[in-house]
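Asks: Before we start, here is the structure in question, set down as structure tokens.
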Amino acid sequence: MSAGLLDAAAGSAAAEAGQAGSRRPALRVAPALAGLFLLFLLLAAIAPDLLSHTDPLAIVPRDAFRPPGWAHPFGTDQSGRDIFARIVHGTRQSLLVGLGATGLAMAAAIGLGLLGGLCGRVAERAVGWLVQVMFSFPVLILALLFAASFGNGIVPLVAATGIGSAPGYARMVFGQVLSVRDAGYVEAARALGHGPLRIVRAHVLPNAMRPLVVTATMGVGHAIMWASALSFLGLGAPPPRPEWGTMLSMGRSFVANAWWLTFFPGLAIVLTMLSTTVLGRALQRRLEGRTA
Amino acid sequence: MSGKRLVVERLCVGFGAGAAHRRVVRDLSFTVEPGRAVALVGESGSGKSVTARSLVGLAGSTAAVSAQRLSFGPHALRALPEPGWRSLRGREIGFVLQDALVSLDPLRPVGHEIAEALAVHRWGTRSGRRDRVIELLREVGVPEPEFRARQRPDQLSGGLRQRALIAAALAMDPGLVIADEPTTALDATVQAQILDLFGAIKARGSGLLIISHDLSVVSRLADEVVVMQAGRAVEQGPTAQVLGAPRHPYTRSLIEAVPGTHPKGTRLAGLGRGALCPQPREPERKPAPVVLEAIDLLKRYPGPDRDERAAVDRVSFTLRGGQTLGIVGESGSGKTTAARIVLGLVEPDGGRVTLDGNAWVDPGRIVERQRRGRRRAMGVIYQDPLGSFDPRWTVGRILSDALDAAGVPRAGQDGRIRLLLDRVRLTADHADRLPTHLSGGQRQRVAIARALATEPRIIVCDEPVSALDVSVQAQILDLLADLQADLGVAYLFISHDLGVIRHVSDEVLVMRHGRVVEAGPVETVFHAPRHPFTRQLLAASAAA
Amino acid sequence: MSDTSPFPTAPAAPPAASPDRLHVLARRILSRCLGSVGVLLAAATVSFLAMHMMPGDIVSAILGGPAADPTPQTVAAAVREYGLDRPLPVQYGLYLDRLLHGNLGTSFSQHLPVIAVLRAELLPTLELAASALVLAWLLALASVLGTVRRRSWLSALGSGLETVGAALPQFWLGLLLLWLFAFTIHLLPPAGSDSVAALVLPTVALAVPLGGFLAQVTREAFEIALDQPFVLTARARGLGDWSVRTRHVLRHALLPGISLSNWAVGALIGNAVVIETIFSRKGIGRQLVLGVSSQDMPLTIGIVLLVSLTYVVAGFLTDALYVLVDPRLGARR
């Protein structure tokens, strides 16, 4: 029936094969670098002392505001604390916040998505509306509102970031569940006489969750950024402990003459975001490559 | 019309560089004279579409096109720079693709598209172009052209939008029209009208290059045929000679693979190689018992204006054991909905279905839970097998899932999977493959194996060969015939293709707008149709 | 070919009768309105619950935060007005009633009615959000039109820049811009909200990440549209590459980005919170931070409701724009 289109597809596939020759190596380098950076972060989170021997809390007034140099690769802050050490020691906190918030958001989203997709027409419409509304509502404002109600600290920070980013995931899970529910293989399973529980377990859940792996990978980076934004606004971790967002917030007052106070913690956030994005994309390509 | 001829000599097209280089078209030569039609025929991957694109300079930036000679009238096309191509495209050479729903910009009114074809070549003034658009639409047989010009492709029927697409290609009165599968997505009756339109274009003096996989299209339109296989022309010459007395075995197998000209029970694939093994079936002395009966099926769907429209309107039929009931109709005739009702996947608004004499579908009385245990008696094969497989599962897992449904214990499944694969002529090592890595024909075999896993008495086949190349289609049809002979399984066979229906069916049901317009034994319906629509359908289809 | 076509006319599609379309349109608008009321109600409810979940005494939250020292009389008056001695549903009802009458209470951190604060602060934020949205789209379009499916290094550069842009946190970008353009080369003012020059840096800080994101979405749609058969048809008509991209492909590629505009406006207003803080701009974002950090609940709720309202309006505009670009009404549901 579509012999012509197939022909065309063969042509364009050939065309792609031709282009990929020059492009593919670059694509593989980026995920590798991203993975390496994330491994480095993991190491910093588990054993920060391996990467930096300097005490991140040691106050050395005579060393205040040292620009980046041999002794202090990222410089020092207003109290003479080593910024590199503070970033390394802050990794654990930032990563935990990112992972925790993502986990929380995913759990809420999966619950909501399954409820909407599998529990009848009323639930479907209600969840559809809720997800649509909440998705467009500003994450930061939602999170701020919750941060305001929960008070300061790490747990409220995780909760606020998680709740703030849950709608995005929920929208995706919901859409996935809906599309998988109507997929040809679900109908084929019904026609074979399989019961609804088996179909949900064997087809709907795994297939609807698969693209979530990608989104969650990218989401950790975003959660770290949102949490940093909240910390930056003074709603995150209490100051003495090193955390990227808090460091940015502290350094803000000195941005006119000590750029490194804000530059490096921010760079850590950017690189984390970039790495999770690149890795997530690579993951996505692999998944699509298997199914397409 | 200035008479310009297209001359193609030793055309080669390749993709990729170095070791990855793949030649898609090799040493192809033909000539299109003004007022004559040449057809490139072949299956998917034969390079016919790439050829068509190369002739308008649109094979893509990665394509390496070379030829000894490539010219259209006074224009040398070989190594023509892009601006040169641009002034030729549309003005000298018109290009028509299949399915105007996606070949015309879906966001714009069709009138704009046609006007654009004029404006690109700076034809006339804005208002002059507007008048010309109406005139062109009228010429290609679009009624109410002023109104239609303002509509988008999705607001037009398949035939009308294909006419609009052709009008855009004809706008500058080109000396050559290249049409790539121009009738492929259309219903048979509409297809016939579009073919007549192309005949008129030819009669006007334009040269015509038709790319098609469909031999009936070719035989109606082309003066000359080029049969392509894997990028090469295996046979070419006047249409009557090539199709009437094919010399190359590939051409012969293509022609013989077309169903409809052979009675049921004849093999389609392999005839050309001389391996004739017809299995004429014994005429049934006493009628087999009825396995499936549908009575007054009714299904309504809300239409766009909230009026209810009956997709299936009081449809009744019976299917006897070991026989095939073909349901034929055009798109929107309700044949697929009827099949889904029979499968118990769509609850009808009225009517009932019995399976082996017991109630199977009966709204209000039978619920899905009661059907579930009996579902193994009925299998199903879809047009798109890939969509019916879980993308994560290997062939083995897919079959084992079906064996679970049949109640086969896990311990015995491996052997059964091997048997099933063998039944559909696949090897045991296919069990470890993912369906995405199989060809279209292999996927459909896996789907058949899955349907067989529960040892059903009935298999519902919903357009099972429509997406396949004709040679693969022949193999699948042969396989289905063998299975019926061996296992005595009954088929409810749905297709838009009269040839296929005629080849596989014992009884036929012709559907239109949700209703059955004609029913009866296959030969009666095909030889002595009573309903005018059946006659129209038969006339439109080359299989008649 | 003669005018009297020799071919039977194909069965025509049902002509799109205008009453039907109006009917569909009316239904859509009605359901949108109901949805909007729902959004506002949801925002009000969430705010109400948040207020009740806040740590500390609710009376002091209403009357001036932890630092306030209200007299017993004022406390009694507040308890009566807000129904604090009555069950929660009654309090909720009273709260909604006050909202309906436009009574958002008094901001104690500003010593002004909340309505007055909002009125003064909304415009600068909208100004910032609008300019950032425009710049973000310009950046996205430039990147997509300039680099998609061009030379492979150019495509890679474009998509790389988009990825990096989308990964930049607004607050960090804002600080960097501040350091570079305001403090190091003294080109632009570091703070303020009155001049156009003061709008530049905050706009860029907001627009670059959003632009990166919109570009990614648009790029993907652009690539898909480029592979559609209608593009081939347009080229075969003699259309040049640039015309194909701008007249046919772009319109299709814009659709996903447009359907996200609603979200984008929300994201801009949300991120304005940080940007207004960094650049000391007037605006509801900065007020929100002040409100939250001083536990000024009336102000916080007022701003959340205002943002919801903005979001509702943006939703209407998004829908209208979408239908304008894609006239296939009902393509989205």
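Letters A, B, ... go to the chains of the structure tokens in the order shown; residues in each chain start at 1; ligands are counted from 1 in the same order.
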DSSP on the backbone: which residues in range 71-292 of chain B end up as helix (DSSP H, G or I)? Give the answer as a PyMOL selection string.
Replies: chain B and resi 82-88+100-103+110-120+126-139+145-148+153-155+158-170+188-203+215-221+239-244+249-257
Asks: Selected residues, C-alpha atoms, written as an mmCIF file, in the first residue's frame, please.
Replies:
```
data_model
loop_
_atom_site.group_PDB
_atom_site.id
_atom_site.type_symbol
_atom_site.label_atom_id
_atom_site.label_comp_id
_atom_site.auth_asym_id
_atom_site.auth_seq_id
_atom_site.Cartn_x
_atom_site.Cartn_y
_atom_site.Cartn_z
ATOM 1 C CA GLU B 82 20.112 24.498 -7.898
ATOM 2 C CA PRO B 83 18.800 27.755 -9.486
ATOM 3 C CA GLY B 84 18.559 25.944 -12.808
ATOM 4 C CA TRP B 85 16.583 23.131 -11.236
ATOM 5 C CA ARG B 86 14.309 25.619 -9.524
ATOM 6 C CA SER B 87 13.296 27.266 -12.756
ATOM 7 C CA LEU B 88 12.554 23.832 -14.267
ATOM 8 C CA ALA B 100 -2.508 14.707 -0.939
ATOM 9 C CA LEU B 101 -3.472 14.815 2.742
ATOM 10 C CA VAL B 102 0.234 15.015 3.528
ATOM 11 C CA SER B 103 1.553 16.070 0.128
ATOM 12 C CA VAL B 110 -5.483 24.158 -1.481
ATOM 13 C CA GLY B 111 -6.041 27.304 -3.565
ATOM 14 C CA HIS B 112 -2.975 28.887 -1.965
ATOM 15 C CA GLU B 113 -0.882 25.894 -2.867
ATOM 16 C CA ILE B 114 -1.907 26.058 -6.500
ATOM 17 C CA ALA B 115 -1.415 29.831 -6.600
ATOM 18 C CA GLU B 116 2.025 29.376 -5.110
ATOM 19 C CA ALA B 117 2.999 27.134 -8.001
ATOM 20 C CA LEU B 118 2.159 30.067 -10.288
ATOM 21 C CA ALA B 119 3.681 32.784 -8.127
ATOM 22 C CA VAL B 120 7.024 31.020 -7.813
ATOM 23 C CA ARG B 126 -2.334 38.243 -7.986
ATOM 24 C CA SER B 127 -5.896 38.402 -9.290
ATOM 25 C CA GLY B 128 -4.906 36.702 -12.513
ATOM 26 C CA ARG B 129 -3.509 33.838 -10.498
ATOM 27 C CA ARG B 130 -6.688 33.625 -8.470
ATOM 28 C CA ASP B 131 -8.712 33.177 -11.650
ATOM 29 C CA ARG B 132 -6.255 30.653 -13.000
ATOM 30 C CA VAL B 133 -6.508 28.586 -9.779
ATOM 31 C CA ILE B 134 -10.270 28.306 -10.229
ATOM 32 C CA GLU B 135 -9.806 27.413 -13.872
ATOM 33 C CA LEU B 136 -7.247 24.734 -13.018
ATOM 34 C CA LEU B 137 -9.458 23.194 -10.360
ATOM 35 C CA ARG B 138 -12.294 23.079 -12.848
ATOM 36 C CA GLU B 139 -10.040 21.453 -15.425
ATOM 37 C CA PRO B 145 -13.927 25.301 -7.514
ATOM 38 C CA GLU B 146 -14.367 28.733 -5.888
ATOM 39 C CA PHE B 147 -15.514 27.055 -2.689
ATOM 40 C CA ARG B 148 -13.038 24.189 -2.770
ATOM 41 C CA PRO B 153 -6.754 19.220 2.389
ATOM 42 C CA ASP B 154 -8.338 17.742 5.524
ATOM 43 C CA GLN B 155 -11.677 19.274 4.528
ATOM 44 C CA GLY B 158 -9.329 11.851 -0.884
ATOM 45 C CA GLY B 159 -10.233 12.146 -4.563
ATOM 46 C CA LEU B 160 -10.777 15.885 -4.501
ATOM 47 C CA ARG B 161 -7.544 16.627 -2.719
ATOM 48 C CA GLN B 162 -5.602 14.409 -5.086
ATOM 49 C CA ARG B 163 -7.140 16.408 -7.937
ATOM 50 C CA ALA B 164 -6.053 19.613 -6.240
ATOM 51 C CA LEU B 165 -2.531 18.253 -5.918
ATOM 52 C CA ILE B 166 -2.529 17.410 -9.614
ATOM 53 C CA ALA B 167 -3.883 20.876 -10.423
ATOM 54 C CA ALA B 168 -0.908 22.403 -8.594
ATOM 55 C CA ALA B 169 1.472 20.256 -10.620
ATOM 56 C CA LEU B 170 -0.261 21.243 -13.876
ATOM 57 C CA ALA B 188 -10.657 1.772 -6.078
ATOM 58 C CA THR B 189 -13.501 3.843 -7.529
ATOM 59 C CA VAL B 190 -11.654 7.116 -6.921
ATOM 60 C CA GLN B 191 -8.459 5.594 -8.230
ATOM 61 C CA ALA B 192 -10.143 4.909 -11.552
ATOM 62 C CA GLN B 193 -11.205 8.551 -11.863
ATOM 63 C CA ILE B 194 -7.707 9.830 -11.121
ATOM 64 C CA LEU B 195 -6.268 7.455 -13.697
ATOM 65 C CA ASP B 196 -8.676 8.867 -16.269
ATOM 66 C CA LEU B 197 -7.424 12.328 -15.365
ATOM 67 C CA PHE B 198 -3.855 11.257 -16.033
ATOM 68 C CA GLY B 199 -5.007 9.815 -19.320
ATOM 69 C CA ALA B 200 -6.356 13.254 -20.219
ATOM 70 C CA ILE B 201 -3.037 14.887 -19.278
ATOM 71 C CA LYS B 202 -1.269 12.503 -21.590
ATOM 72 C CA ALA B 203 -3.742 13.155 -24.372
ATOM 73 C CA LEU B 215 0.556 -3.402 -12.204
ATOM 74 C CA SER B 216 -3.082 -2.589 -12.901
ATOM 75 C CA VAL B 217 -2.365 1.137 -12.744
ATOM 76 C CA VAL B 218 0.537 0.633 -15.076
ATOM 77 C CA SER B 219 -1.348 -1.457 -17.581
ATOM 78 C CA ARG B 220 -4.052 1.183 -17.879
ATOM 79 C CA LEU B 221 -1.851 4.184 -18.344
ATOM 80 C CA THR B 239 3.465 -2.316 -21.888
ATOM 81 C CA ALA B 240 1.565 -4.983 -23.762
ATOM 82 C CA GLN B 241 4.736 -6.901 -24.431
ATOM 83 C CA VAL B 242 6.230 -6.686 -20.940
ATOM 84 C CA LEU B 243 3.015 -7.445 -19.074
ATOM 85 C CA GLY B 244 1.608 -9.787 -21.698
ATOM 86 C CA PRO B 249 11.529 -14.269 -14.272
ATOM 87 C CA TYR B 250 11.155 -11.347 -11.863
ATOM 88 C CA THR B 251 8.549 -9.701 -14.078
ATOM 89 C CA ARG B 252 6.786 -13.016 -14.376
ATOM 90 C CA SER B 253 6.738 -13.554 -10.613
ATOM 91 C CA LEU B 254 5.424 -10.027 -10.101
ATOM 92 C CA ILE B 255 2.562 -10.612 -12.499
ATOM 93 C CA GLU B 256 1.736 -14.013 -11.131
ATOM 94 C CA ALA B 257 1.834 -12.796 -7.539
#
```
Asks: Should the cut-off be 6 Å, what would the residue list for chain C against chain A look like, counting only C-alpha atoms, as a count of residues only?
Replies: 13
Asks: Residues within 9 Å of Gly280 in chain A, please, as a list in words. Count only C-alpha atoms; anything in the same chain fewer than 6 positions from it doesn't count.
Replies: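 Residues near the query, excluding close chain neighbours: Pro31, Val213, Val214, Thr215, Ala216, Thr217 and Met218 of chain A.
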Asks: Save the residues we just selected, N, CA and C atoms, as a PDB file, in the first residue's frame?
Replies:
```pdb
ATOM      1  N   PRO A  31      28.032  12.352  25.461  1.00  0.00           N
ATOM      2  CA  PRO A  31      27.522  11.523  26.563  1.00  0.00           C
ATOM      3  C   PRO A  31      28.637  10.972  27.431  1.00  0.00           C
ATOM      4  N   VAL A 213      12.388   7.152  32.344  1.00  0.00           N
ATOM      5  CA  VAL A 213      13.796   7.041  32.714  1.00  0.00           C
ATOM      6  C   VAL A 213      14.554   8.242  32.170  1.00  0.00           C
ATOM      7  N   VAL A 214      14.236   8.545  30.908  1.00  0.00           N
ATOM      8  CA  VAL A 214      14.888   9.686  30.268  1.00  0.00           C
ATOM      9  C   VAL A 214      14.529  10.976  30.985  1.00  0.00           C
ATOM     10  N   THR A 215      13.239  11.181  31.190  1.00  0.00           N
ATOM     11  CA  THR A 215      12.789  12.422  31.797  1.00  0.00           C
ATOM     12  C   THR A 215      13.355  12.570  33.199  1.00  0.00           C
ATOM     13  N   ALA A 216      13.399  11.481  33.931  1.00  0.00           N
ATOM     14  CA  ALA A 216      13.902  11.567  35.293  1.00  0.00           C
ATOM     15  C   ALA A 216      15.375  11.924  35.294  1.00  0.00           C
ATOM     16  N   THR A 217      16.122  11.357  34.355  1.00  0.00           N
ATOM     17  CA  THR A 217      17.547  11.686  34.281  1.00  0.00           C
ATOM     18  C   THR A 217      17.724  13.186  34.080  1.00  0.00           C
ATOM     19  N   MET A 218      16.958  13.708  33.103  1.00  0.00           N
ATOM     20  CA  MET A 218      17.071  15.142  32.857  1.00  0.00           C
ATOM     21  C   MET A 218      16.517  15.916  34.055  1.00  0.00           C
TER      22      MET A 218
END
```
Asks: I need the residues in range 187-268 of chain B that are strand (DSSP E) according to DSSP; give them as an MDAnalysis selection string.
Replies: chainID B and resid 207:212 224:229 232:238
Asks: Those same residues - C-alpha atoms - I'd like them written as an mmCIF file, in the first residue's frame.
Replies:
```
data_model
loop_
_atom_site.group_PDB
_atom_site.id
_atom_site.type_symbol
_atom_site.label_atom_id
_atom_site.label_comp_id
_atom_site.auth_asym_id
_atom_site.auth_seq_id
_atom_site.Cartn_x
_atom_site.Cartn_y
_atom_site.Cartn_z
ATOM 1 C CA GLY B 207 4.903 13.312 -21.204
ATOM 2 C CA LEU B 208 4.070 11.194 -18.191
ATOM 3 C CA LEU B 209 6.380 9.246 -15.909
ATOM 4 C CA ILE B 210 4.414 7.028 -13.535
ATOM 5 C CA ILE B 211 6.041 5.373 -10.553
ATOM 6 C CA SER B 212 3.951 2.539 -9.201
ATOM 7 C CA GLU B 224 6.089 1.632 -21.940
ATOM 8 C CA VAL B 225 7.159 -0.162 -18.770
ATOM 9 C CA VAL B 226 10.467 -0.343 -16.946
ATOM 10 C CA VAL B 227 10.519 -3.121 -14.352
ATOM 11 C CA MET B 228 12.989 -2.346 -11.600
ATOM 12 C CA GLN B 229 14.515 -4.651 -9.061
ATOM 13 C CA ARG B 232 18.315 -2.110 -11.948
ATOM 14 C CA ALA B 233 15.957 -2.293 -14.879
ATOM 15 C CA VAL B 234 15.430 -6.031 -15.328
ATOM 16 C CA GLU B 235 13.050 -5.668 -18.224
ATOM 17 C CA GLN B 236 11.672 -2.824 -20.280
ATOM 18 C CA GLY B 237 9.589 -2.367 -23.375
ATOM 19 C CA PRO B 238 6.065 -1.670 -24.598
#
```
Asks: Determine the nearest neighbour of chain B from the options A:Ser94, A:Gln78, A:Asn207, A:Gln284, counting only C-alpha atoms.
Replies: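 Selected residue with least distance to chain B: A:Asn207.
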Asks: Would you list the contacts of Val177 in chain A as a count of residues only, taking every protein, DNA or RNA residue within 10 Å and counting only C-alpha atoms, but skipping same-chain residues closer than 3 positions in sequence?
Replies: 21
Asks: Extract, using only C-alpha atoms, all DNA, RNA and protein residues at most 9 Å from range 37-50 of chain A, discarding same-chain residues fewer than 3 positions from it, and format them as a list in words.
Replies: Ala32, Leu33, Ala34, His53, Thr54, Asp55, Ala85, Val88, His89, Gly90, Thr91, Arg92, Gln93, Ser94, Leu95, Leu96, Leu271, Thr272, Ser275 and Thr276 of chain A
Asks: Generate a file of the selected residues that holds C-alpha atoms, formatted as a PDB file, in the first residue's frame.
Replies:
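The new file part32.pdb reads:
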```pdb
ATOM      1  CA  ALA A  32      30.887  10.114  27.604  1.00  0.00           C
ATOM      2  CA  LEU A  33      31.954  13.467  29.033  1.00  0.00           C
ATOM      3  CA  ALA A  34      28.586  13.855  30.710  1.00  0.00           C
ATOM      4  CA  HIS A  53      41.610  18.023  51.734  1.00  0.00           C
ATOM      5  CA  THR A  54      40.649  21.543  52.701  1.00  0.00           C
ATOM      6  CA  ASP A  55      38.027  21.974  55.379  1.00  0.00           C
ATOM      7  CA  ALA A  85      36.276  22.569  48.871  1.00  0.00           C
ATOM      8  CA  VAL A  88      32.920  19.496  46.504  1.00  0.00           C
ATOM      9  CA  HIS A  89      31.445  19.174  49.986  1.00  0.00           C
ATOM     10  CA  GLY A  90      28.193  20.741  48.847  1.00  0.00           C
ATOM     11  CA  THR A  91      27.711  18.105  46.150  1.00  0.00           C
ATOM     12  CA  ARG A  92      26.155  15.557  48.474  1.00  0.00           C
ATOM     13  CA  GLN A  93      23.532  17.987  49.662  1.00  0.00           C
ATOM     14  CA  SER A  94      22.693  19.235  46.173  1.00  0.00           C
ATOM     15  CA  LEU A  95      22.541  15.758  44.677  1.00  0.00           C
ATOM     16  CA  LEU A  96      20.385  14.459  47.510  1.00  0.00           C
ATOM     17  CA  LEU A 271      27.455  21.388  34.256  1.00  0.00           C
ATOM     18  CA  THR A 272      25.191  19.091  36.235  1.00  0.00           C
ATOM     19  CA  SER A 275      25.322  16.386  31.882  1.00  0.00           C
ATOM     20  CA  THR A 276      21.928  15.057  32.860  1.00  0.00           C
TER      21      THR A 276
END
```
Asks: State, in Å with one decimal place, the distance from CA of Val516 in chain B to CA of Ser466 in chain B.
Replies: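 Going from CA of Val516 in chain B over to CA of Ser466 in chain B, I get 21.8 Å.
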Asks: May I ask for the distance between CA of Leu468 in chain B and CA of Gly321 in chain B, given in Å to one decimal place?
Replies: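 Between these atoms lies a distance of 27.5 Å.
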Asks: What's the 9 Å shell around Met106 in chain A, counting only C-alpha atoms, without same-chain residues fewer than 2 positions away, as an NGL selection string?
Replies: :A and (101-104 or 108-111 or 162 or 165-166 or 169-170 or 173 or 212 or 216)
